[in-house]
Each structure stands twice: as structure tokens, then as C-alpha cells.
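What follows is the content of final-v2.txt, which has compact mmCIF, C-alpha atoms:
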# COMPACT_ATOMS: atom_id res chain seq x y z
CA MET N 18 -157.92 -61.70 -45.45
CA ALA N 19 -157.10 -60.72 -41.91
CA GLY N 20 -158.63 -57.54 -40.56
CA LYS N 21 -156.64 -54.82 -38.88
CA GLN N 22 -158.30 -55.53 -35.52
CA LYS N 23 -156.41 -58.84 -35.36
CA TRP N 24 -153.00 -57.28 -35.93
CA SER N 25 -150.49 -57.22 -33.09
CA VAL N 26 -147.08 -55.60 -32.65
CA VAL N 27 -144.35 -57.86 -31.28
CA SER N 28 -140.59 -57.63 -31.04
CA LYS N 29 -138.66 -58.92 -34.04
CA LYS N 30 -136.84 -61.36 -31.76
CA ASP N 31 -140.13 -62.82 -30.49
CA PHE N 32 -141.64 -63.01 -33.97
CA LEU N 33 -138.65 -64.80 -35.50
CA GLY N 34 -138.06 -67.00 -32.46
CA GLN N 35 -141.51 -68.55 -32.62
CA GLY N 36 -140.97 -70.65 -35.72
CA ASP N 37 -138.84 -73.30 -37.33
CA TRP N 38 -137.55 -70.95 -40.03
CA SER N 39 -138.24 -67.50 -41.44
CA ARG N 40 -137.87 -65.76 -44.76
CA GLU N 41 -138.15 -62.20 -46.03
CA TYR N 42 -140.11 -62.52 -49.30
CA TYR N 43 -140.30 -58.78 -49.91
CA GLU N 44 -138.11 -56.26 -48.11
CA GLY N 45 -140.02 -55.68 -44.88
CA LEU N 46 -142.43 -58.66 -45.14
CA LEU N 47 -141.38 -61.59 -42.97
CA VAL N 48 -142.84 -65.10 -42.98
CA VAL N 49 -142.26 -67.59 -40.15
CA ASN N 50 -143.03 -71.30 -40.48
CA HIS N 51 -144.63 -73.08 -37.51
CA ARG N 52 -144.86 -76.52 -39.18
CA ASP N 53 -148.27 -77.93 -38.23
CA GLN N 54 -149.63 -74.53 -37.16
CA GLY N 55 -148.98 -72.82 -40.50
CA TYR N 56 -147.21 -69.56 -41.24
CA ASP N 57 -147.25 -66.13 -39.60
CA LEU N 58 -146.79 -63.06 -41.79
CA GLY N 59 -145.45 -59.83 -40.36
CA VAL N 60 -144.54 -56.34 -41.52
CA GLU N 61 -141.26 -54.90 -40.26
CA LEU N 62 -141.69 -51.61 -38.36
CA PRO N 63 -139.21 -49.17 -36.80
CA GLY N 64 -137.41 -50.11 -33.61
CA GLU N 65 -137.04 -53.85 -34.27
CA GLN N 66 -140.82 -54.30 -34.11
CA ILE N 67 -142.99 -56.56 -36.28
CA LEU N 68 -146.68 -56.04 -37.01
CA LYS N 69 -148.15 -59.55 -37.18
CA VAL N 70 -150.81 -59.22 -39.89
CA ASP N 71 -151.87 -62.72 -40.89
CA THR N 72 -151.65 -66.48 -40.45
CA ALA N 73 -151.79 -68.84 -43.42
CA SER N 74 -151.77 -72.55 -44.19
CA ALA N 75 -149.20 -74.11 -46.53
CA GLU N 76 -151.79 -73.93 -49.33
CA GLU N 77 -152.52 -70.23 -48.70
CA VAL N 78 -149.07 -68.80 -47.98
CA LYS N 79 -148.09 -67.85 -51.54
CA ASP N 80 -151.34 -65.94 -52.10
CA ARG N 81 -151.04 -64.24 -48.71
CA VAL N 82 -147.45 -63.18 -49.40
CA GLN N 83 -148.59 -61.54 -52.65
CA TYR N 84 -151.58 -59.92 -50.93
CA TRP N 85 -149.53 -58.40 -48.11
CA GLY N 86 -146.60 -57.56 -50.38
CA ALA N 87 -148.91 -55.31 -52.39
CA ARG N 88 -150.00 -53.51 -49.18
CA LEU N 89 -146.62 -53.41 -47.49
CA GLU N 90 -145.70 -49.76 -48.03
CA ASP N 91 -149.14 -48.44 -47.02
CA ILE N 92 -149.03 -50.40 -43.76
CA ARG N 93 -145.48 -49.32 -42.97
CA GLN N 94 -146.32 -45.65 -43.58
CA GLU N 95 -149.45 -45.92 -41.42
CA TYR N 96 -147.28 -47.19 -38.56
CA GLY N 97 -144.66 -44.47 -38.96
CA PHE N 98 -142.05 -46.29 -41.04
CA ARG N 99 -140.42 -44.05 -43.63
CA ASP N 100 -138.03 -45.73 -46.00
CA ASN N 101 -136.49 -42.88 -47.97
CA ARG N 102 -134.02 -44.92 -50.02
CA ALA N 103 -136.17 -44.88 -53.16
CA ALA N 104 -136.90 -41.18 -52.76
CA GLU N 105 -133.22 -40.42 -52.34
CA TYR N 106 -132.27 -42.58 -55.32
CA TYR N 107 -134.76 -40.90 -57.65
CA GLY N 108 -134.30 -37.42 -56.19
CA TRP N 109 -137.89 -37.18 -54.92
CA GLN N 110 -138.86 -34.94 -52.05
CA SER N 111 -140.13 -36.81 -49.01

Just give me the structure as C-alpha cells.
Amino acid sequence: MAGKQKWSVVSKKDFLGQGDWSREYYEGLLVVNHRDQGYDLGVELPGEQILKVDTASAEEVKDRVQYWGARLEDIRQEYGFRDNRAAEYYGWQS
């Protein structure tokens, strides 16, 4: 899988505007299709920013979505994103 050193932060507009279509598989994990060039996967950050974490072929994209989906919250917290909706719903202290 992609290493952190290859990650880059881009604007959400630039990330979504680069492909033919996009989809949010998990809340906060975006996938953009570039046809022949494959798929870019990005994690939504605060301030309309996207952390581009990986590129995958059509054969790899489902596995990569699962891989990054499982790491989504850790990455978002590392980059300062705090989604308190679950904590508020369950009455947890954040």
C-alpha cells in the first residue's frame, strides 16, 4: 500500500475536478476515476482539503477502498479532523 511520504494535500475542488466521476464509499473517503489512469483515493480533511493517499487500478480499487476505509478515522485525527457526531450521539466525552 502507499506510504505516507507519497501523500499530498490538495483542495477538494482540484481533487474532484481531475476525474471523470467521483464517489464517497465511506463518509470521508473519496474515490475519483481517471479512466485509463486508474483511480485516486483521498481522505477528506478540514477546510475543503483532501489528503490524496493512494492510486489504484480497476482491479485493485475495491481492496484499496476497504484498506483505507479501515484507516480513515486514524488518518483524519492525525491531520486534525475531529468528527464529534458519534461522540455526541453516544454521550461520549471528546

Q.
The residues within 12 Å of (-150.9, -63.8, -50.5), using all atoms listed in the file and the coordinates of the file, should be reported as a PyMOL selection string; which are they?
A. chain N and resi 18-19+42-43+46+48+56-58+70-89

Long-range neighbours of Arg93 of chain N as number ranges by chain, 12 Å cut-off, only C-alpha atoms, 6 positions minimum in chain | N: 44-46, 59-63, 66-68, 70, 85-87, 99-100

Taken to one decimal, the atom CA of Trp38 of chain N-atom CA of Asn50 of chain N distance is 5.5 Å

request  = Tell me, in Å to one decimal, how far atom CA of Gly64 of chain N is from atom CA of Arg52 of chain N.
outcome  =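 Result for atom CA of Gly64 of chain N versus atom CA of Arg52 of chain N: 28.0 Å, one decimal.
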
What separates atom CA of Glu90 of chain N and atom CA of Glu65 of chain N is a distance of 16.8 Å

From the list N:Lys69, N:Tyr96, N:Arg40, N:Asp91, the nearest residue to Val27 of chain N using all atoms listed in the file is N:Lys69
